[in-house]
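Asker: Contents of my_file37.txt (compact mmCIF, C-alpha atoms) are given next:
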# COMPACT_ATOMS: atom_id res chain seq x y z
CA MET A 1 -35.06 101.92 117.48
CA ILE A 2 -36.78 98.58 116.75
CA ARG A 3 -40.14 100.27 117.10
CA ASN A 4 -39.15 102.92 114.57
CA SER A 5 -37.92 100.27 112.09
CA PHE A 6 -41.17 98.32 112.39
CA PHE A 7 -43.16 101.51 111.80
CA LEU A 8 -41.06 102.29 108.69
CA ILE A 9 -41.62 98.80 107.22
CA PHE A 10 -45.36 99.03 107.95
CA LEU A 11 -45.47 102.42 106.24
CA MET A 12 -43.66 101.06 103.13
CA VAL A 13 -46.08 98.11 102.83
CA CYS A 14 -49.08 100.38 103.19
CA SER A 15 -47.63 102.79 100.63
CA CYS A 16 -47.14 99.97 98.08
CA ASN A 17 -50.70 98.78 98.56
CA TYR A 18 -51.98 102.34 98.37
CA PHE A 19 -50.36 103.06 94.99
CA LYS A 20 -51.28 99.68 93.48
CA PRO A 21 -54.67 100.00 91.69
CA GLU A 22 -57.40 98.08 93.44
CA GLN A 23 -59.07 95.30 91.42
CA LYS A 24 -62.55 96.40 90.46
CA SER A 25 -65.54 94.16 90.98
CA GLN A 26 -66.16 91.75 88.07
CA SER A 27 -62.91 92.80 86.35
CA ILE A 28 -60.70 90.05 84.89
CA ALA A 29 -57.72 92.07 83.65
CA ARG A 30 -56.19 95.53 83.86
CA VAL A 31 -53.85 97.60 81.71
CA GLY A 32 -53.03 100.92 83.34
CA LYS A 33 -56.39 102.51 84.15
CA ASN A 34 -58.29 100.31 81.70
CA TYR A 35 -60.23 97.30 82.97
CA LEU A 36 -61.66 94.30 81.15
CA TYR A 37 -64.84 92.92 82.73
CA LYS A 38 -66.58 89.56 82.70
CA SER A 39 -69.44 91.16 80.78
CA ASP A 40 -67.00 91.97 77.94
CA ILE A 41 -66.43 88.28 77.26
CA ALA A 42 -69.91 87.00 78.14
CA LYS A 43 -70.73 86.07 74.53
CA LEU A 44 -67.19 85.22 73.44
CA VAL A 45 -67.29 81.44 73.85
CA PRO A 46 -69.80 79.54 71.62
CA ALA A 47 -72.13 77.10 73.34
CA GLY A 48 -70.78 73.57 73.46
CA THR A 49 -67.09 74.60 73.48
CA SER A 50 -64.91 72.40 75.68
CA LYS A 51 -63.36 73.80 78.86
CA GLU A 52 -59.84 73.67 77.39
CA ASP A 53 -60.85 75.48 74.18
CA SER A 54 -62.87 78.01 76.19
CA LEU A 55 -59.82 78.87 78.28
CA LEU A 56 -57.70 79.28 75.13
CA LEU A 57 -60.27 81.56 73.51
CA VAL A 58 -60.60 83.73 76.62
CA ARG A 59 -56.84 83.96 77.20
CA ASP A 60 -56.23 84.85 73.54
CA PHE A 61 -58.90 87.56 73.72
CA ILE A 62 -57.42 88.99 76.93
CA ASP A 63 -53.91 89.03 75.46
CA ARG A 64 -55.10 90.81 72.30
CA TRP A 65 -57.08 93.31 74.40
CA ALA A 66 -54.01 94.02 76.53
CA SER A 67 -51.75 94.38 73.47
CA GLN A 68 -54.14 96.90 71.91
CA LYS A 69 -54.36 98.95 75.10
CA LEU A 70 -50.58 98.95 75.55
CA LEU A 71 -50.02 99.89 71.90
CA ILE A 72 -52.50 102.78 71.93
CA GLU A 73 -50.97 104.12 75.15
CA ALA A 74 -47.49 103.87 73.63
CA ALA A 75 -48.71 105.56 70.45
CA GLU A 76 -50.30 108.43 72.37
CA ARG A 77 -47.07 108.95 74.32
CA ASN A 78 -44.70 108.74 71.37
CA LEU A 79 -46.50 110.14 68.34
CA SER A 80 -45.86 113.80 67.64
CA ASP A 81 -48.59 116.32 68.36
CA ALA A 82 -48.82 117.06 64.63
CA LYS A 83 -49.46 113.39 63.83
CA LYS A 84 -52.06 113.11 66.58
CA ARG A 85 -53.88 116.19 65.28
CA GLU A 86 -53.83 114.69 61.76
CA TYR A 87 -55.23 111.35 62.93
CA ASN A 88 -57.83 112.98 65.18
CA ALA A 89 -59.07 114.97 62.18
CA LEU A 90 -59.35 111.71 60.19
CA ILE A 91 -61.23 110.05 63.06
CA LYS A 92 -63.61 113.00 63.27
CA GLN A 93 -64.24 112.90 59.51
CA TYR A 94 -64.73 109.12 59.60
CA LYS A 95 -67.40 109.54 62.29
CA ILE A 96 -69.16 112.15 60.15
CA ASP A 97 -69.01 109.92 57.07
CA LEU A 98 -70.18 106.85 59.01
CA TYR A 99 -73.12 108.59 60.67
CA THR A 100 -74.32 110.44 57.55
CA SER A 101 -73.93 107.34 55.38
CA ALA A 102 -75.96 105.23 57.83
CA TYR A 103 -78.64 107.93 58.11
CA ILE A 104 -78.96 108.40 54.34
CA GLU A 105 -79.08 104.62 53.89
CA GLU A 106 -82.04 104.43 56.30
CA VAL A 107 -83.82 107.29 54.52
CA VAL A 108 -83.28 105.64 51.13
CA LYS A 109 -84.39 102.23 52.39
CA ASN A 110 -87.63 103.65 53.74
CA THR A 111 -88.34 105.95 50.80
CA VAL A 112 -87.10 104.55 47.49
CA ASP A 113 -89.60 102.66 45.36
CA THR A 114 -88.15 99.18 44.75
CA VAL A 115 -90.77 98.17 42.17
CA VAL A 116 -89.36 98.30 38.64
CA SER A 117 -91.84 97.62 35.85
CA GLN A 118 -91.17 95.42 32.85
CA GLU A 119 -91.61 98.49 30.61
CA GLU A 120 -88.90 100.40 32.50
CA LEU A 121 -86.52 97.47 32.23
CA LYS A 122 -87.12 97.03 28.50
CA LYS A 123 -86.80 100.75 27.79
CA TYR A 124 -83.49 101.00 29.63
CA TYR A 125 -82.26 97.80 27.98
CA GLU A 126 -83.07 99.02 24.46
CA GLU A 127 -81.37 102.35 25.12
CA ASN A 128 -78.25 100.83 26.68
CA LYS A 129 -77.96 97.28 25.32
CA GLU A 130 -74.42 97.96 24.07
CA ASN A 131 -73.38 98.12 27.72
CA PHE A 132 -74.71 94.62 28.39
CA LYS A 133 -72.33 92.17 26.76
CA ALA A 134 -71.38 88.62 27.70
CA ASN A 135 -68.12 88.17 29.60
CA GLY A 136 -67.96 84.54 28.47
CA THR A 137 -69.94 81.91 26.58
CA LEU A 138 -73.59 81.44 27.56
CA VAL A 139 -75.62 78.37 26.61
CA ARG A 140 -79.22 77.24 26.55
CA LEU A 141 -79.50 73.45 26.66
CA ARG A 142 -81.24 70.51 28.21
CA TYR A 143 -79.79 67.17 29.26
CA VAL A 144 -80.42 63.94 31.12
CA ASN A 145 -77.88 61.58 32.64
CA LEU A 146 -79.12 58.00 33.08
CA SER A 147 -77.92 54.43 33.00
CA ARG A 148 -77.75 52.76 29.60
CA GLU A 149 -79.25 49.71 31.31
CA ASN A 150 -82.45 51.55 32.16
CA PRO A 151 -85.29 49.40 30.75
CA ARG A 152 -87.02 52.55 29.50
CA PHE A 153 -83.86 53.96 27.92
CA GLU A 154 -85.09 54.05 24.31
CA ILE A 155 -88.43 55.61 25.28
CA ILE A 156 -86.69 58.27 27.41
CA LYS A 157 -84.22 58.93 24.60
CA ASN A 158 -86.99 59.31 22.01
CA LYS A 159 -89.01 61.61 24.27
CA PHE A 160 -85.92 63.66 25.05
CA PHE A 161 -84.84 64.34 21.47
CA ASN A 162 -88.45 64.91 20.38
CA TYR A 163 -89.31 67.02 23.38
CA SER A 164 -92.88 68.30 23.70
CA LYS A 165 -94.57 70.26 26.48
CA LYS A 166 -97.39 67.72 26.26
CA ASP A 167 -94.99 65.17 27.77
CA LYS A 168 -94.86 66.92 31.15
CA LYS A 169 -96.55 64.02 32.95
CA PHE A 170 -94.06 61.60 31.38
CA TRP A 171 -91.09 63.64 32.60
CA ASP A 172 -92.61 64.10 36.03
CA THR A 173 -92.44 60.32 36.32
CA TYR A 174 -89.27 59.34 34.47
CA ALA A 175 -86.98 62.27 35.24
CA LEU A 176 -86.67 60.81 38.73
CA GLN A 177 -85.02 57.73 37.20
CA CYS A 178 -82.21 59.91 35.83
CA LYS A 179 -79.02 60.48 37.78
CA SER A 180 -79.29 64.18 36.95
CA PHE A 181 -81.23 66.30 34.50
CA ALA A 182 -82.12 69.84 33.39
CA MET A 183 -85.06 70.19 31.03
CA ASN A 184 -85.53 73.97 31.03
CA ASP A 185 -83.63 75.07 27.94
CA SER A 186 -85.12 78.57 27.98
CA VAL A 187 -82.61 79.65 30.65
CA TRP A 188 -79.15 80.92 29.73
CA VAL A 189 -76.33 79.43 31.80
CA ASP A 190 -72.64 80.24 31.96
CA MET A 191 -70.29 77.75 30.32
CA SER A 192 -68.52 77.22 33.65
CA GLN A 193 -71.75 75.73 35.03
CA VAL A 194 -72.02 73.42 32.03
CA TYR A 195 -68.56 72.00 32.74
CA VAL A 196 -69.62 71.23 36.31
CA LYS A 197 -72.97 69.62 35.43
CA LEU A 198 -71.71 67.82 32.33
CA PRO A 199 -68.14 66.55 32.89
CA VAL A 200 -68.22 64.92 29.45
CA ILE A 201 -67.97 68.44 27.99
CA THR A 202 -64.51 69.99 28.34
CA PRO A 203 -62.77 73.10 26.98
CA GLU A 204 -61.11 70.81 24.44
CA ASN A 205 -64.31 69.39 22.92
CA ARG A 206 -66.57 72.37 23.65
CA ASP A 207 -66.53 73.82 20.12
CA GLU A 208 -67.53 70.46 18.67
CA ILE A 209 -70.44 69.93 21.07
CA ILE A 210 -71.69 73.39 22.01
CA ARG A 211 -73.42 74.42 18.80
CA PRO A 212 -76.99 75.67 18.31
CA GLY A 213 -79.30 72.76 17.49
CA LYS A 214 -76.69 70.10 18.31
CA LYS A 215 -78.07 66.74 19.58
CA MET A 216 -75.87 64.00 20.96
CA GLN A 217 -75.59 60.88 23.09
CA ILE A 218 -72.32 60.53 24.99
CA GLN A 219 -71.26 57.46 26.94
CA SER A 220 -68.94 57.90 29.94
CA ASN A 221 -68.32 54.76 32.00
CA ASP A 222 -71.74 53.86 33.48
CA ASP A 223 -73.28 57.22 32.59
CA THR A 224 -75.11 58.04 29.40
CA TYR A 225 -75.70 61.71 28.62
CA LEU A 226 -78.40 62.87 26.26
CA ILE A 227 -77.77 66.50 25.33
CA LYS A 228 -79.65 68.99 23.18
CA VAL A 229 -78.14 72.48 22.70
CA THR A 230 -80.76 75.11 21.91
CA ASN A 231 -78.66 78.24 21.54
CA VAL A 232 -75.18 79.66 22.17
CA LEU A 233 -74.06 83.19 22.93
CA ASP A 234 -70.36 83.93 22.55
CA LYS A 235 -68.22 86.37 24.51
CA ASN A 236 -68.85 90.08 23.78
CA GLN A 237 -72.21 89.43 22.16
CA ILE A 238 -75.14 91.47 23.51
CA LEU A 239 -76.81 89.71 26.41
CA PRO A 240 -80.47 88.68 26.02
CA PHE A 241 -83.00 90.83 27.85
CA GLU A 242 -84.17 88.04 30.18
CA TYR A 243 -80.61 87.23 31.22
CA SER A 244 -79.90 90.92 31.86
CA LYS A 245 -83.03 91.62 33.93
CA PRO A 246 -81.44 91.24 37.41
CA THR A 247 -78.60 93.59 36.42
CA LEU A 248 -81.00 96.02 34.77
CA LYS A 249 -83.11 96.18 37.92
CA GLU A 250 -80.04 96.78 40.08
CA VAL A 251 -78.84 99.58 37.78
CA LEU A 252 -82.23 101.30 37.78
CA LEU A 253 -82.60 101.03 41.55
CA ASN A 254 -79.12 102.49 42.04
CA LYS A 255 -80.08 105.39 39.77
CA ARG A 256 -83.18 106.00 41.86
CA LYS A 257 -81.15 105.90 45.05
CA LEU A 258 -78.60 108.40 43.74
CA GLU A 259 -81.36 110.75 42.56
CA LEU A 260 -83.09 110.45 45.93
CA ILE A 261 -79.85 111.16 47.82
CA LYS A 262 -79.19 114.28 45.70
CA LYS A 263 -82.74 115.51 46.30
CA PHE A 264 -82.53 114.75 50.01
CA GLU A 265 -79.23 116.64 50.39
CA LYS A 266 -80.66 119.60 48.46
CA ASP A 267 -83.90 119.62 50.47
CA ILE A 268 -82.17 119.42 53.85
CA THR A 269 -79.91 122.34 52.88
CA ASN A 270 -82.82 124.44 51.59
CA ASP A 271 -84.81 123.75 54.76
CA ALA A 272 -81.86 124.86 56.88
CA ILE A 273 -81.58 128.11 54.90
CA LYS A 274 -85.34 128.68 55.19
CA ASN A 275 -85.22 128.13 58.98
CA ASN A 276 -82.11 130.32 59.37
CA ASP A 277 -80.09 127.30 60.53
CA TYR A 278 -77.59 127.71 57.69
CA GLU A 279 -76.07 130.89 56.33
CA ILE A 280 -72.83 131.94 54.65
CA TYR A 281 -71.16 135.10 55.95
CA LYS A 282 -69.71 137.50 53.38
Could I get this structure in the form of C-alpha cells?

Answerer:
Amino acid sequence: MIRNSFFLIFLMVCSCNYFKPEQKSQSIARVGKNYLYKSDIAKLVPAGTSKEDSLLLVRDFIDRWASQKLLIEAAERNLSDAKKREYNALIKQYKIDLYTSAYIEEVVKNTVDTVVSQEELKKYYEENKENFKANGTLVRLRYVNLSRENPRFEIIKNKFFNYSKKDKKFWDTYALQCKSFAMNDSVWVDMSQVYVKLPVITPENRDEIIRPGKKMQIQSNDDTYLIKVTNVLDKNQILPFEYSKPTLKEVLLNKRKLELIKKFEKDITNDAIKNNDYEIYK
C-alpha cells in the first residue's frame, strides 16, 4: 500500500513537470508558447546606463511584451470571427500598401530628376504667384547690437547708416566687437524671428519701427541697437520669388514624382498585359 502511494505521488510530480513548458535556452520570459530571448533586448539598454536603471528598463520592456502577448491572445479568443476576418483584411491591405509604397518610393528616388532650373522655377512662379502669399509679416533689415561705451561707436554708427559694400573689410574687423549683428538685408525674414533677435521691437511698437527705409538707434539698458529696415511685406501680399524658391522647388519635384508614379503604374500594367500576366475575364 505504501509502495503504491509512493508510486502515485511520483507519477503526479512527473506529470506536473511534463506538462509545464521547458525553459528554452537563452530565453528570459515566457507567455504561453511565446518566448522572449536575450537577443531581443541586446540593444535595449544604452551604453553607460547604471545597473539600477538597466534593470528597470529591462523589466519594463518584459512587462510590456508580456502584456501585449496576453492581450493579443485574449483578443483572438474573444473577438468574433466576423471581426477577426475584418481586421485580417485590413492587415492584408496594410501590408500591400506598405510594400507598394516603399517600392514606388525607391523607384522614384532612383529615377526622378531632382535638378530644377532657375527658368523652371521662374516660369512656375509667374504662372502661379497668386498661390504664394505671405502668412505673416516679412522684413528685410540689418542691425548691430553693441555697447554705447565702445570707443569706435560713432564710426561704427556712421558706417552702419551709410552702408557700402566697399566697407566689407571694415565690417570684417568691427562686426566682431558687436554683441550681435545681421548685415545681409537682402534676405526676407519672418517677423517672429525679428522679435527674437531684436527684443527692443515688440508687437506694440512694431508698426512704428518696421517701416521701409526706417533708420533708428534704440537704447536698452547696456545695449544699443542700430537698425535699418529695407523693406516690409505684409500678410497676404505675394511672396517675392527668392523667398518662394524652396517651396517652388518642392512643388515642382512633387509634380515630377506624381507624374513618374502615374507613368510607372501604367507601364507596369501594360507590361503585364503584353506578357499575358494580367487579363480581365469577360

Asker: Is it possible to get the residues within 12 Å of (-72.4, 52.0, 32.8) (coordinates as in the file, counting only C-alpha atoms) written as a compact mmCIF listing (two decimals) with C-alpha atoms, keeping the file's coordinate frame?

Answerer:
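Output file part-v8.txt follows:
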# COMPACT_ATOMS: atom_id res chain seq x y z
CA ASN A 145 -77.88 61.58 32.64
CA LEU A 146 -79.12 58.00 33.08
CA SER A 147 -77.92 54.43 33.00
CA ARG A 148 -77.75 52.76 29.60
CA GLU A 149 -79.25 49.71 31.31
CA ASN A 150 -82.45 51.55 32.16
CA LYS A 179 -79.02 60.48 37.78
CA ILE A 218 -72.32 60.53 24.99
CA GLN A 219 -71.26 57.46 26.94
CA SER A 220 -68.94 57.90 29.94
CA ASN A 221 -68.32 54.76 32.00
CA ASP A 222 -71.74 53.86 33.48
CA ASP A 223 -73.28 57.22 32.59
CA THR A 224 -75.11 58.04 29.40
CA TYR A 225 -75.70 61.71 28.62

Asker: Considering only C-alpha atoms, tabulate each residue of stretch 72-189 of chain A that lies at most 12 Å from stretch 27-48 of chain A along with its nearest interatomic pair and the corresponding distance in Å to one decimal; arrange the rows by chain and ascending residue number and present them as a tab-separated table.

Answerer:
residue	atom	partner	partner_atom	distance
A:Ile72	CA	A:Val31	CA	11.1
A:Glu73	CA	A:Gly32	CA	9.0
A:Ala74	CA	A:Gly32	CA	11.6

Asker: I'd like the neighbourhood of A:Lys123 as a list in words, where a residue qualifies if any of its atoms comes within 12 Å (using only C-alpha atoms), though same-chain residues fewer than 6 positions away should be ignored.

Answerer: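 Here the answer would be Val116, Ser117, Lys129, Phe241, Lys245, Leu248, Lys249 and Leu252 of chain A.
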
Asker: Show me, as a PyMOL selection string, the residues that have an atom within 12 Å of A:Tyr125 when counting all atoms listed in the file, minus same-chain residues fewer than 5 positions from it.

Answerer: chain A and resi 118-120+130-133+238-249+251-252

Asker: Write out, as a short mmCIF file (atom, residue, chain, number, x, y, z; two decimals), keeping the file's coordinate frame, the residues just selected, with C-alpha atoms.

Answerer:
data_model
loop_
_atom_site.label_atom_id
_atom_site.label_comp_id
_atom_site.auth_asym_id
_atom_site.auth_seq_id
_atom_site.Cartn_x
_atom_site.Cartn_y
_atom_site.Cartn_z
CA GLN A 118 -91.17 95.42 32.85
CA GLU A 119 -91.61 98.49 30.61
CA GLU A 120 -88.90 100.40 32.50
CA GLU A 130 -74.42 97.96 24.07
CA ASN A 131 -73.38 98.12 27.72
CA PHE A 132 -74.71 94.62 28.39
CA LYS A 133 -72.33 92.17 26.76
CA ILE A 238 -75.14 91.47 23.51
CA LEU A 239 -76.81 89.71 26.41
CA PRO A 240 -80.47 88.68 26.02
CA PHE A 241 -83.00 90.83 27.85
CA GLU A 242 -84.17 88.04 30.18
CA TYR A 243 -80.61 87.23 31.22
CA SER A 244 -79.90 90.92 31.86
CA LYS A 245 -83.03 91.62 33.93
CA PRO A 246 -81.44 91.24 37.41
CA THR A 247 -78.60 93.59 36.42
CA LEU A 248 -81.00 96.02 34.77
CA LYS A 249 -83.11 96.18 37.92
CA VAL A 251 -78.84 99.58 37.78
CA LEU A 252 -82.23 101.30 37.78
#

Asker: Which residue gives the smallest distance to A:Asp234 among A:Leu138, A:Ile201, A:Leu258, A:Val58, with all atoms listed in the file counted?

Answerer: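 Among the listed residues, the smallest separation from A:Asp234 belongs to A:Leu138.
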
Asker: Work out how far atom CA of A:Ala134 is from atom CA of A:Lys255, in Å to one decimal.

Answerer: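 Interatomic distance, atom CA of A:Lys255 to atom CA of A:Ala134: 22.4 Å.
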
Asker: Nearest to A:Thr114 among A:Arg152, A:Lys266, A:Arg256, A:Lys274, with distances taken over all atoms listed in the file: which residue is it?

Answerer: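 The answer is A:Arg256, which sits nearest to A:Thr114.
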
Asker: Between atom CA of A:Tyr163 and atom CA of A:Val196, what is the distance, to one decimal in Å?

Answerer: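 Straight-line distance from atom CA of A:Tyr163 to atom CA of A:Val196 works out to 23.9 Å.
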
Asker: In Å, how far is it from atom CA of A:Val144 to atom CA of A:Asn184?

Answerer: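 Going from atom CA of A:Val144 over to atom CA of A:Asn184, I get 11.3 Å.
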
Asker: Considering only C-alpha atoms, return as number ranges by chain whatever protein or nucleic-acid residues lie within 8 Å of A:Val232, sequence-local ones (same chain, fewer than 2 positions apart) excluded.

Answerer: A: 137-140, 210-212, 229-230, 234

Asker: For A:Gly213, which residue out of A:Leu176, A:Leu141, A:Ile96, A:Ala75 is the nearest one, using only C-alpha atoms?

Answerer: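 Looking only at the distances to A:Gly213, the closest residue turns out to be A:Leu141.
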
Asker: Hey, can I get the axis-aligned box for stretch 134-148 of chain A? All listed atoms, 5 Å padding on each side, centre and edge lengths in Å to one decimal, as lines of an AutoDock Vina configuration file.

Answerer:
center_x = -74.6
center_y = 70.7
center_z = 29.8
size_x = 23.3
size_y = 45.9
size_z = 16.5

Asker: When distances are computed from all atoms listed in the file, which of A:Gly136, A:Ala272, A:Phe160, A:Lys263 shows the smallest separation from A:Gln237?

Answerer: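 Closest to A:Gln237 of all the choices is A:Gly136.
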
Asker: Nearest to A:Glu106: which of A:Ala89, A:Lys122, A:Gln68, A:Ile261 is it, counting all atoms listed in the file?

Answerer: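 Of all the options, A:Ile261 lies closest to A:Glu106.
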